>>> print(open('entry.pdb').read())   # PDB, C-alpha atoms, pLDDT in the B column
ATOM      1  CA  MET M 919      62.724 -36.430  64.688  1.00 50.00           C
ATOM      2  CA  VAL M 920      62.163 -37.062  60.980  1.00 47.00           C
ATOM      3  CA  PRO M 921      59.466 -35.470  58.796  1.00 45.00           C
ATOM      4  CA  ILE M 922      57.126 -37.898  57.020  1.00 42.00           C
ATOM      5  CA  GLU M 923      56.376 -37.013  53.420  1.00 41.00           C
ATOM      6  CA  PHE M 924      52.739 -37.184  52.308  1.00 37.00           C
ATOM      7  CA  SER M 925      51.594 -37.042  48.683  1.00 38.00           C
ATOM      8  CA  GLU M 926      48.715 -34.718  49.631  1.00 39.00           C
ATOM      9  CA  PRO M 927      49.777 -32.574  52.621  1.00 39.00           C
ATOM     10  CA  VAL M 928      47.148 -30.691  54.583  1.00 39.00           C
ATOM     11  CA  ALA M 929      47.114 -27.036  53.542  1.00 40.00           C
ATOM     12  CA  ALA M 930      48.849 -24.666  55.956  1.00 47.00           C
ATOM     13  CA  MET M 931      49.786 -27.577  58.227  1.00 59.00           C
ATOM     14  CA  PRO M 932      53.312 -28.857  59.000  1.00 69.00           C
ATOM     15  CA  ALA M 933      54.268 -32.391  58.038  1.00 73.00           C
ATOM     16  CA  ALA M 934      53.742 -35.196  60.519  1.00 84.00           C
ATOM     17  CA  MET M 935      56.668 -36.059  62.772  1.00 86.00           C
ATOM     18  CA  VAL M 936      57.880 -39.319  64.229  1.00 89.00           C
ATOM     19  CA  THR M 937      59.419 -40.068  67.601  1.00 90.00           C
ATOM     20  CA  ARG M 938      60.918 -43.439  68.542  1.00 90.00           C
ATOM     21  CA  ARG M 939      57.505 -45.127  68.694  1.00 93.00           C
ATOM     22  CA  LEU M 940      54.947 -42.543  67.583  1.00 93.00           C
ATOM     23  CA  VAL M 941      53.611 -40.695  64.562  1.00 93.00           C
ATOM     24  CA  LEU M 942      52.404 -37.183  65.427  1.00 94.00           C
ATOM     25  CA  ARG M 943      50.414 -35.224  62.882  1.00 94.00           C
ATOM     26  CA  PRO M 944      48.123 -32.184  62.987  1.00 95.00           C
ATOM     27  CA  PRO M 945      44.452 -33.079  63.500  1.00 96.00           C
ATOM     28  CA  LYS M 946      41.934 -32.984  60.669  1.00 95.00           C
ATOM     29  CA  ASP M 947      38.164 -33.051  60.241  1.00 96.00           C
ATOM     30  CA  SER M 948      38.101 -36.783  59.576  1.00 96.00           C
ATOM     31  CA  ASP M 949      39.413 -37.430  63.110  1.00 96.00           C
ATOM     32  CA  LEU M 950      36.031 -36.500  64.596  1.00 96.00           C
ATOM     33  CA  ASP M 951      34.675 -40.026  65.054  1.00 95.00           C
ATOM     34  CA  THR M 952      37.847 -41.121  66.830  1.00 95.00           C
ATOM     35  CA  LEU M 953      37.738 -38.123  69.162  1.00 95.00           C
ATOM     36  CA  VAL M 954      34.036 -38.649  69.937  1.00 94.00           C
ATOM     37  CA  SER M 955      34.727 -42.288  70.844  1.00 93.00           C
ATOM     38  CA  LEU M 956      37.684 -41.329  73.020  1.00 92.00           C
ATOM     39  CA  HIS M 957      35.671 -38.764  74.990  1.00 89.00           C
ATOM     40  CA  ALA M 958      32.857 -41.301  75.443  1.00 88.00           C
ATOM     41  CA  ASP M 959      35.142 -43.940  76.983  1.00 88.00           C
ATOM     42  CA  PRO M 960      34.294 -44.247  80.721  1.00 85.00           C
ATOM     43  CA  ALA M 961      37.846 -45.312  81.589  1.00 84.00           C
ATOM     44  CA  VAL M 962      39.257 -42.148  79.994  1.00 83.00           C
ATOM     45  CA  ASN M 963      36.631 -39.870  81.554  1.00 79.00           C
ATOM     46  CA  ARG M 964      37.325 -41.209  85.034  1.00 77.00           C
ATOM     47  CA  PHE M 965      40.305 -38.849  85.216  1.00 72.00           C
ATOM     48  CA  CYS M 966      38.893 -35.888  83.274  1.00 70.00           C
ATOM     49  CA  ALA M 967      37.653 -32.545  84.505  1.00 58.00           C
ATOM     50  CA  ALA M 968      34.202 -31.036  83.914  1.00 52.00           C
ATOM     51  CA  ALA M 969      35.483 -29.185  80.820  1.00 63.00           C
ATOM     52  CA  THR M 970      35.335 -32.397  78.737  1.00 74.00           C
ATOM     53  CA  PRO M 971      32.977 -31.738  75.784  1.00 81.00           C
ATOM     54  CA  HIS M 972      29.859 -33.901  75.609  1.00 79.00           C
ATOM     55  CA  GLY M 973      27.909 -34.526  72.421  1.00 86.00           C
ATOM     56  CA  ARG M 974      29.116 -34.675  68.835  1.00 92.00           C
ATOM     57  CA  GLY M 975      28.602 -30.944  68.234  1.00 94.00           C
ATOM     58  CA  ALA M 976      30.716 -29.958  71.237  1.00 93.00           C
ATOM     59  CA  VAL M 977      33.469 -32.387  70.292  1.00 94.00           C
ATOM     60  CA  GLN M 978      33.434 -31.088  66.719  1.00 96.00           C
ATOM     61  CA  ALA M 979      33.860 -27.536  68.040  1.00 96.00           C
ATOM     62  CA  GLN M 980      36.805 -28.699  70.135  1.00 95.00           C
ATOM     63  CA  LEU M 981      38.435 -30.396  67.159  1.00 96.00           C
ATOM     64  CA  GLN M 982      37.961 -27.264  65.051  1.00 97.00           C
ATOM     65  CA  SER M 983      39.608 -25.173  67.781  1.00 96.00           C
ATOM     66  CA  TRP M 984      42.620 -27.495  67.618  1.00 96.00           C
ATOM     67  CA  ILE M 985      42.826 -27.134  63.839  1.00 96.00           C
ATOM     68  CA  ASP M 986      42.490 -23.339  64.139  1.00 96.00           C
ATOM     69  CA  HIS M 987      45.307 -23.238  66.711  1.00 95.00           C
ATOM     70  CA  TRP M 988      47.628 -25.011  64.273  1.00 94.00           C
ATOM     71  CA  GLN M 989      46.774 -22.538  61.527  1.00 93.00           C
ATOM     72  CA  ILE M 990      47.412 -19.542  63.794  1.00 93.00           C
ATOM     73  CA  HIS M 991      50.424 -20.703  65.826  1.00 93.00           C
ATOM     74  CA  GLY M 992      52.033 -23.448  63.751  1.00 91.00           C
ATOM     75  CA  PHE M 993      51.775 -25.998  66.550  1.00 93.00           C
ATOM     76  CA  GLY M 994      49.125 -27.555  68.760  1.00 95.00           C
ATOM     77  CA  HIS M 995      47.548 -30.865  69.654  1.00 96.00           C
ATOM     78  CA  TRP M 996      48.507 -33.824  67.490  1.00 96.00           C
ATOM     79  CA  ALA M 997      46.596 -36.872  66.382  1.00 97.00           C
ATOM     80  CA  ILE M 998      48.742 -39.709  67.745  1.00 97.00           C
ATOM     81  CA  ALA M 999      49.418 -43.140  66.246  1.00 96.00           C
ATOM     82  CA  GLU M1000      52.063 -45.775  66.781  1.00 95.00           C
ATOM     83  CA  ARG M1001      54.703 -46.107  64.067  1.00 91.00           C
ATOM     84  CA  GLU M1002      53.773 -49.764  63.559  1.00 92.00           C
ATOM     85  CA  GLN M1003      50.153 -48.756  62.800  1.00 92.00           C
ATOM     86  CA  PRO M1004      50.302 -45.161  61.503  1.00 91.00           C
ATOM     87  CA  ASP M1005      46.688 -45.168  60.285  1.00 90.00           C
ATOM     88  CA  HIS M1006      45.248 -46.269  63.641  1.00 94.00           C
ATOM     89  CA  LEU M1007      44.942 -43.350  66.078  1.00 96.00           C
ATOM     90  CA  ILE M1008      45.501 -44.058  69.772  1.00 96.00           C
ATOM     91  CA  GLY M1009      44.739 -40.554  70.998  1.00 96.00           C
ATOM     92  CA  PHE M1010      45.417 -36.839  70.864  1.00 97.00           C
ATOM     93  CA  GLY M1011      47.777 -34.556  72.703  1.00 96.00           C
ATOM     94  CA  GLY M1012      50.231 -31.706  72.623  1.00 96.00           C
ATOM     95  CA  LEU M1013      50.424 -28.064  73.653  1.00 96.00           C
ATOM     96  CA  MET M1014      47.961 -25.214  73.112  1.00 96.00           C
ATOM     97  CA  HIS M1015      47.524 -21.671  74.356  1.00 96.00           C
ATOM     98  CA  ARG M1016      44.372 -21.579  76.492  1.00 92.00           C
ATOM     99  CA  SER M1017      42.938 -20.248  79.720  1.00 89.00           C
ATOM    100  CA  VAL M1018      41.753 -22.554  82.504  1.00 84.00           C
ATOM    101  CA  ALA M1019      39.860 -20.951  85.380  1.00 81.00           C
ATOM    102  CA  GLY M1020      41.367 -17.587  84.454  1.00 83.00           C
ATOM    103  CA  HIS M1021      44.946 -18.910  84.317  1.00 88.00           C
ATOM    104  CA  ALA M1022      46.307 -18.427  80.787  1.00 91.00           C
ATOM    105  CA  GLY M1023      49.244 -20.478  79.602  1.00 93.00           C
ATOM    106  CA  LEU M1024      50.655 -23.010  77.181  1.00 96.00           C
ATOM    107  CA  TYR M1025      48.865 -26.126  78.404  1.00 96.00           C
ATOM    108  CA  LEU M1026      50.028 -29.697  77.964  1.00 96.00           C
ATOM    109  CA  TYR M1027      47.160 -32.089  77.223  1.00 93.00           C
ATOM    110  CA  TYR M1028      46.713 -35.690  76.203  1.00 94.00           C
ATOM    111  CA  ARG M1029      43.988 -38.283  75.896  1.00 93.00           C
ATOM    112  CA  ILE M1030      45.152 -41.807  75.083  1.00 93.00           C
ATOM    113  CA  THR M1031      42.980 -44.880  74.574  1.00 93.00           C
ATOM    114  CA  PRO M1032      43.210 -47.272  77.560  1.00 91.00           C
ATOM    115  CA  GLN M1033      44.554 -50.030  75.308  1.00 91.00           C
ATOM    116  CA  ALA M1034      47.774 -47.991  74.961  1.00 92.00           C
ATOM    117  CA  TRP M1035      48.178 -47.010  78.635  1.00 90.00           C
ATOM    118  CA  GLY M1036      51.143 -47.924  80.776  1.00 89.00           C
ATOM    119  CA  ARG M1037      53.814 -47.933  78.060  1.00 91.00           C
ATOM    120  CA  GLY M1038      55.167 -44.392  78.375  1.00 91.00           C
ATOM    121  CA  LEU M1039      53.605 -43.225  75.094  1.00 94.00           C
ATOM    122  CA  ALA M1040      52.020 -40.091  76.597  1.00 93.00           C
ATOM    123  CA  CYS M1041      55.372 -39.251  78.162  1.00 92.00           C
ATOM    124  CA  GLU M1042      57.161 -39.733  74.838  1.00 94.00           C
ATOM    125  CA  MET M1043      54.716 -37.402  73.079  1.00 95.00           C
ATOM    126  CA  SER M1044      54.948 -34.876  75.908  1.00 95.00           C
ATOM    127  CA  GLN M1045      58.750 -34.831  75.865  1.00 93.00           C
ATOM    128  CA  PHE M1046      58.731 -34.006  72.178  1.00 93.00           C
ATOM    129  CA  ALA M1047      56.026 -31.355  72.600  1.00 95.00           C
ATOM    130  CA  ILE M1048      57.924 -29.657  75.420  1.00 95.00           C
ATOM    131  CA  SER M1049      61.156 -29.752  73.426  1.00 92.00           C
ATOM    132  CA  GLU M1050      59.382 -28.110  70.476  1.00 91.00           C
ATOM    133  CA  ALA M1051      57.861 -25.469  72.762  1.00 94.00           C
ATOM    134  CA  PHE M1052      61.172 -24.376  74.244  1.00 94.00           C
ATOM    135  CA  GLU M1053      63.649 -24.994  71.426  1.00 91.00           C
ATOM    136  CA  LYS M1054      61.601 -24.189  68.328  1.00 90.00           C
ATOM    137  CA  HIS M1055      58.866 -21.831  69.528  1.00 91.00           C
ATOM    138  CA  HIS M1056      60.868 -20.152  72.349  1.00 93.00           C
ATOM    139  CA  GLN M1057      58.085 -20.351  74.932  1.00 94.00           C
ATOM    140  CA  THR M1058      58.895 -19.414  78.528  1.00 95.00           C
ATOM    141  CA  ALA M1059      56.844 -22.045  80.364  1.00 97.00           C
ATOM    142  CA  VAL M1060      54.573 -25.061  79.941  1.00 97.00           C
ATOM    143  CA  VAL M1061      51.719 -25.773  82.352  1.00 96.00           C
ATOM    144  CA  ALA M1062      49.264 -28.619  82.924  1.00 95.00           C
ATOM    145  CA  ALA M1063      46.051 -28.987  84.913  1.00 92.00           C
ATOM    146  CA  VAL M1064      45.233 -32.382  86.421  1.00 91.00           C
ATOM    147  CA  LEU M1065      42.684 -33.664  88.902  1.00 88.00           C
ATOM    148  CA  PRO M1066      44.162 -34.697  92.270  1.00 89.00           C
ATOM    149  CA  ASN M1067      42.994 -38.319  91.867  1.00 87.00           C
ATOM    150  CA  ASN M1068      44.801 -38.730  88.544  1.00 88.00           C
ATOM    151  CA  ILE M1069      47.933 -40.156  90.136  1.00 90.00           C
ATOM    152  CA  PRO M1070      49.392 -41.709  86.937  1.00 89.00           C
ATOM    153  CA  THR M1071      49.301 -38.392  85.070  1.00 91.00           C
ATOM    154  CA  ARG M1072      50.728 -36.576  88.077  1.00 93.00           C
ATOM    155  CA  LYS M1073      53.641 -39.027  88.084  1.00 92.00           C
ATOM    156  CA  THR M1074      54.099 -38.508  84.352  1.00 92.00           C
ATOM    157  CA  LEU M1075      54.161 -34.714  84.744  1.00 95.00           C
ATOM    158  CA  GLU M1076      56.630 -34.903  87.618  1.00 95.00           C
ATOM    159  CA  GLY M1077      58.811 -37.272  85.612  1.00 93.00           C
ATOM    160  CA  LEU M1078      58.843 -34.713  82.800  1.00 94.00           C
ATOM    161  CA  GLY M1079      60.082 -32.070  85.235  1.00 95.00           C
ATOM    162  CA  LEU M1080      56.854 -30.161  85.902  1.00 97.00           C
ATOM    163  CA  ARG M1081      56.378 -29.038  89.484  1.00 96.00           C
ATOM    164  CA  LEU M1082      53.191 -28.388  91.451  1.00 96.00           C
ATOM    165  CA  LYS M1083      52.434 -24.666  91.451  1.00 94.00           C
ATOM    166  CA  GLY M1084      48.930 -24.367  92.945  1.00 92.00           C
ATOM    167  CA  THR M1085      45.279 -25.192  92.369  1.00 90.00           C
ATOM    168  CA  LEU M1086      42.518 -23.902  90.132  1.00 84.00           C
ATOM    169  CA  ALA M1087      38.820 -24.641  89.644  1.00 70.00           C
ATOM    170  CA  ASP M1088      37.825 -25.461  86.069  1.00 55.00           C
ATOM    171  CA  GLY M1089      34.273 -24.105  86.128  1.00 51.00           C
ATOM    172  CA  PRO M1090      31.376 -24.031  88.642  1.00 47.00           C
ATOM    173  CA  GLY M1091      30.812 -27.309  90.441  1.00 50.00           C
ATOM    174  CA  SER M1092      33.994 -28.913  89.156  1.00 59.00           C
ATOM    175  CA  ALA M1093      36.707 -30.298  91.378  1.00 66.00           C
ATOM    176  CA  ALA M1094      39.733 -28.113  91.964  1.00 81.00           C
ATOM    177  CA  ALA M1095      42.568 -29.152  89.652  1.00 88.00           C
ATOM    178  CA  LEU M1096      46.264 -29.107  90.424  1.00 92.00           C
ATOM    179  CA  LEU M1097      48.360 -26.716  88.342  1.00 94.00           C
ATOM    180  CA  TYR M1098      51.817 -27.929  87.317  1.00 96.00           C
ATOM    181  CA  GLU M1099      54.481 -25.823  85.587  1.00 97.00           C
ATOM    182  CA  LEU M1100      57.828 -26.263  83.861  1.00 97.00           C
ATOM    183  CA  SER M1101      59.898 -23.200  82.990  1.00 96.00           C
ATOM    184  CA  ALA M1102      62.264 -23.053  80.046  1.00 94.00           C
ATOM    185  CA  GLU M1103      65.117 -22.379  82.459  1.00 94.00           C
ATOM    186  CA  ARG M1104      64.383 -25.483  84.526  1.00 94.00           C
ATOM    187  CA  TRP M1105      63.867 -27.627  81.427  1.00 92.00           C
ATOM    188  CA  ALA M1106      67.264 -26.580  80.031  1.00 91.00           C
ATOM    189  CA  GLY M1107      68.954 -28.097  83.083  1.00 90.00           C
ATOM    190  CA  LEU M1108      67.073 -31.403  83.066  1.00 86.00           C
ATOM    191  CA  PRO M1109      68.687 -34.597  81.740  1.00 81.00           C
ATOM    192  CA  ARG M1110      67.264 -36.064  78.549  1.00 69.00           C
ATOM    193  CA  CYS M1111      66.230 -39.631  79.250  1.00 63.00           C
ATOM    194  CA  GLU M1112      64.015 -42.426  77.950  1.00 58.00           C
ATOM    195  CA  PRO M1113      60.362 -42.007  79.043  1.00 53.00           C
ATOM    196  CA  GLU M1114      59.415 -44.245  81.948  1.00 49.00           C
ATOM    197  CA  ALA M1115      56.188 -46.208  81.556  1.00 44.00           C
ATOM    198  CA  VAL M1116      53.513 -45.310  84.107  1.00 45.00           C
ATOM    199  CA  ALA M1117      51.023 -48.007  85.053  1.00 44.00           C
ATOM    200  CA  PHE M1118      47.345 -47.199  84.542  1.00 42.00           C
ATOM    201  CA  ALA M1119      44.423 -49.217  85.831  1.00 39.00           C
ATOM    202  CA  ALA M1120      41.467 -49.237  83.461  1.00 33.00           C
TER     203      ALA M1120
END
>>> encode(input="entry.pdb", output="structure tokens")
Amino acid sequence: MVPIEFSEPVAAMPAAMVTRRLVLRPPKDSDLDTLVSLHADPAVNRFCAAATPHGRGAVQAQLQSWIDHWQIHGFGHWAIAEREQPDHLIGFGGLMHRSVAGHAGLYLYYRITPQAWGRGLACEMSQFAISEAFEKHHQTAVVAAVLPNNIPTRKTLEGLGLRLKGTLADGPGSAAALLYELSAERWAGLPRCEPEAVAFAA
């Protein structure tokens, strides 16, 4: 992974990074409109839990929490673009410390625009995030919460090496989510391979 040099870096934020196909940079205030549009997409929300923020104010608070996490921990959710179009965001994702239904952990998260689904881009981002978590930040485990009907994401998580650990309910009236986990010990023994594209149906 190679740092990208910017003439005006964001204060207290690491440089953006590139993977084989992606540019990953810390989020910033100007990403708000993109995040609002992503959350409002019905195809994206079909697989999302009740915790999805609704309304510009709630989305702005979420974005600020992501920025704050970067400033405190030195890592977090990225704004994601393809290397061929680095100024055009296709989504957000990465790892953050949070608590879901009382279960605290380092959670893997991503939201990708449907136009970029099915090409293994979320998997590519996730592989890099997990590698950073274990090799650079010395975390002990990565977890993810996913709704049972989100079969593509479940396949992606399993392909990354996460294993089903249990269930949790993300708030009153919400469907029980499946909790997946990958320990640093298990990850160390997994082969490093090219991400496999997972087909999504918009």
>>> closest_residue(input="entry.pdb", among="M:Leu1108, M:Ala1063, M:Pro1070, M:Cys966", to="Ser1017 (chain M)", atoms="only C-alpha atoms")
M:Ala1063
>>> resolve_selection(input="entry.pdb", expression="the PyMOL selection byres ((chain M and resi 993) around 10)", output="NGL selection string")
:M and (931-932 or 944 or 984-992 or 994-996 or 1012-1015 or 1047 or 1050-1051 or 1055)
>>> write_last_selection(input="entry.pdb", atoms="C-alpha atoms", output="compact mmCIF listing (two decimals), in the frame of the given file")
# COMPACT_ATOMS: atom_id res chain seq x y z
CA MET M 931 49.79 -27.58 58.23
CA PRO M 932 53.31 -28.86 59.00
CA PRO M 944 48.12 -32.18 62.99
CA TRP M 984 42.62 -27.50 67.62
CA ILE M 985 42.83 -27.13 63.84
CA ASP M 986 42.49 -23.34 64.14
CA HIS M 987 45.31 -23.24 66.71
CA TRP M 988 47.63 -25.01 64.27
CA GLN M 989 46.77 -22.54 61.53
CA ILE M 990 47.41 -19.54 63.79
CA HIS M 991 50.42 -20.70 65.83
CA GLY M 992 52.03 -23.45 63.75
CA GLY M 994 49.12 -27.56 68.76
CA HIS M 995 47.55 -30.86 69.65
CA TRP M 996 48.51 -33.82 67.49
CA GLY M 1012 50.23 -31.71 72.62
CA LEU M 1013 50.42 -28.06 73.65
CA MET M 1014 47.96 -25.21 73.11
CA HIS M 1015 47.52 -21.67 74.36
CA ALA M 1047 56.03 -31.36 72.60
CA GLU M 1050 59.38 -28.11 70.48
CA ALA M 1051 57.86 -25.47 72.76
CA HIS M 1055 58.87 -21.83 69.53
>>> closest_residue(input="entry.pdb", among="M:Asp1005, M:Ala1059, M:Met935, M:Thr1031", to="Ala958 (chain M)", atoms="all atoms listed in the file")
M:Thr1031
>>> residues_near_point(input="entry.pdb", point="(51.8, -36.7, 72.8)", cutoff="8 Å", atoms="only C-alpha atoms", output="PyMOL selection string")
chain M and resi 942+995-996+998+1010-1012+1027-1028+1039-1047
>>> write_last_selection(input="entry.pdb", atoms="C-alpha atoms", output="PDB file, keeping the file's coordinate frame")
ATOM      1  CA  LEU M 942      52.404 -37.183  65.427  1.00 94.00           C
ATOM      2  CA  HIS M 995      47.548 -30.865  69.654  1.00 96.00           C
ATOM      3  CA  TRP M 996      48.507 -33.824  67.490  1.00 96.00           C
ATOM      4  CA  ILE M 998      48.742 -39.709  67.745  1.00 97.00           C
ATOM      5  CA  PHE M1010      45.417 -36.839  70.864  1.00 97.00           C
ATOM      6  CA  GLY M1011      47.777 -34.556  72.703  1.00 96.00           C
ATOM      7  CA  GLY M1012      50.231 -31.706  72.623  1.00 96.00           C
ATOM      8  CA  TYR M1027      47.160 -32.089  77.223  1.00 93.00           C
ATOM      9  CA  TYR M1028      46.713 -35.690  76.203  1.00 94.00           C
ATOM     10  CA  LEU M1039      53.605 -43.225  75.094  1.00 94.00           C
ATOM     11  CA  ALA M1040      52.020 -40.091  76.597  1.00 93.00           C
ATOM     12  CA  CYS M1041      55.372 -39.251  78.162  1.00 92.00           C
ATOM     13  CA  GLU M1042      57.161 -39.733  74.838  1.00 94.00           C
ATOM     14  CA  MET M1043      54.716 -37.402  73.079  1.00 95.00           C
ATOM     15  CA  SER M1044      54.948 -34.876  75.908  1.00 95.00           C
ATOM     16  CA  GLN M1045      58.750 -34.831  75.865  1.00 93.00           C
ATOM     17  CA  PHE M1046      58.731 -34.006  72.178  1.00 93.00           C
ATOM     18  CA  ALA M1047      56.026 -31.355  72.600  1.00 95.00           C
TER      19      ALA M1047
END
>>> closest_residue(input="entry.pdb", among="M:Gly1084, M:Pro1066, M:Gly975, M:Gly1079", to="His1021 (chain M)", atoms="only C-alpha atoms")
M:Gly1084
>>> atom_distance(input="entry.pdb", atom1="CA of Ile1030 (chain M)", atom2="CA of Leu1086 (chain M)")
23.5 Å
>>> residues_near_point(input="entry.pdb", point="(36.4, -45.1, 83.3)", cutoff="12 Å", atoms="all atoms listed in the file", output="PyMOL selection string")
chain M and resi 956-966+1031-1032+1068+1118-1120
>>> decode(input="entry.pdb", residues="region 1056-1074 of chain M", atoms="N, CA, C and O atoms", output="CSV table (one decimal), in the first residue's frame")
chain,number,residue,atom,x,y,z
M,1056,HIS,N,-2.6,-3.8,16.3
M,1056,HIS,CA,-2.4,-4.9,17.2
M,1056,HIS,C,-3.7,-5.2,18.0
M,1056,HIS,O,-3.8,-5.4,19.2
M,1057,GLN,N,-4.8,-5.2,17.2
M,1057,GLN,CA,-6.1,-5.5,17.8
M,1057,GLN,C,-6.2,-7.0,17.9
M,1057,GLN,O,-5.5,-7.8,17.3
M,1058,THR,N,-7.1,-7.5,18.8
M,1058,THR,CA,-7.2,-8.9,19.1
M,1058,THR,C,-8.3,-9.6,18.3
M,1058,THR,O,-8.3,-10.8,18.0
M,1059,ALA,N,-9.3,-8.8,17.8
M,1059,ALA,CA,-10.4,-9.4,17.0
M,1059,ALA,C,-11.1,-8.3,16.3
M,1059,ALA,O,-11.1,-7.1,16.6
M,1060,VAL,N,-11.8,-8.7,15.2
M,1060,VAL,CA,-12.6,-7.9,14.4
M,1060,VAL,C,-14.0,-8.6,14.3
M,1060,VAL,O,-14.1,-9.8,14.2
M,1061,VAL,N,-15.1,-7.8,14.5
M,1061,VAL,CA,-16.4,-8.3,14.4
M,1061,VAL,C,-17.2,-7.6,13.4
M,1061,VAL,O,-16.9,-6.5,12.9
M,1062,ALA,N,-18.4,-8.2,13.0
M,1062,ALA,CA,-19.3,-7.6,12.1
M,1062,ALA,C,-20.7,-8.0,12.4
M,1062,ALA,O,-20.9,-9.2,12.8
M,1063,ALA,N,-21.7,-7.1,12.2
M,1063,ALA,CA,-23.1,-7.5,12.4
M,1063,ALA,C,-23.8,-7.3,11.1
M,1063,ALA,O,-23.6,-6.3,10.4
M,1064,VAL,N,-24.5,-8.3,10.7
M,1064,VAL,CA,-25.2,-8.4,9.4
M,1064,VAL,C,-26.6,-9.0,9.6
M,1064,VAL,O,-26.8,-9.9,10.4
M,1065,LEU,N,-27.6,-8.5,8.8
M,1065,LEU,CA,-28.9,-9.1,8.9
M,1065,LEU,C,-28.9,-10.4,8.2
M,1065,LEU,O,-28.2,-10.6,7.2
M,1066,PRO,N,-29.7,-11.4,8.7
M,1066,PRO,CA,-29.7,-12.7,8.1
M,1066,PRO,C,-30.0,-12.8,6.6
M,1066,PRO,O,-29.5,-13.6,5.9
M,1067,ASN,N,-30.8,-11.8,6.1
M,1067,ASN,CA,-31.1,-11.8,4.7
M,1067,ASN,C,-30.1,-11.2,3.8
M,1067,ASN,O,-30.2,-11.3,2.5
M,1068,ASN,N,-29.0,-10.7,4.3
M,1068,ASN,CA,-28.0,-10.1,3.6
M,1068,ASN,C,-26.9,-11.2,3.2
M,1068,ASN,O,-25.8,-11.2,3.7
M,1069,ILE,N,-27.3,-12.0,2.3
M,1069,ILE,CA,-26.5,-13.2,1.9
M,1069,ILE,C,-25.2,-12.8,1.3
M,1069,ILE,O,-24.1,-13.3,1.6
M,1070,PRO,N,-25.2,-11.8,0.3
M,1070,PRO,CA,-23.9,-11.4,-0.3
M,1070,PRO,C,-22.9,-10.9,0.8
M,1070,PRO,O,-21.7,-11.3,0.7
M,1071,THR,N,-23.3,-10.1,1.8
M,1071,THR,CA,-22.3,-9.7,2.8
M,1071,THR,C,-21.9,-10.8,3.6
M,1071,THR,O,-20.7,-10.9,4.0
M,1072,ARG,N,-22.8,-11.7,3.9
M,1072,ARG,CA,-22.4,-12.9,4.7
M,1072,ARG,C,-21.3,-13.7,4.0
M,1072,ARG,O,-20.4,-14.2,4.6
M,1073,LYS,N,-21.5,-13.9,2.7
M,1073,LYS,CA,-20.5,-14.6,1.9
M,1073,LYS,C,-19.2,-13.8,1.9
M,1073,LYS,O,-18.1,-14.4,2.0
M,1074,THR,N,-19.2,-12.5,1.8
M,1074,THR,CA,-18.0,-11.7,1.8
M,1074,THR,C,-17.3,-11.9,3.2
M,1074,THR,O,-16.1,-12.1,3.2
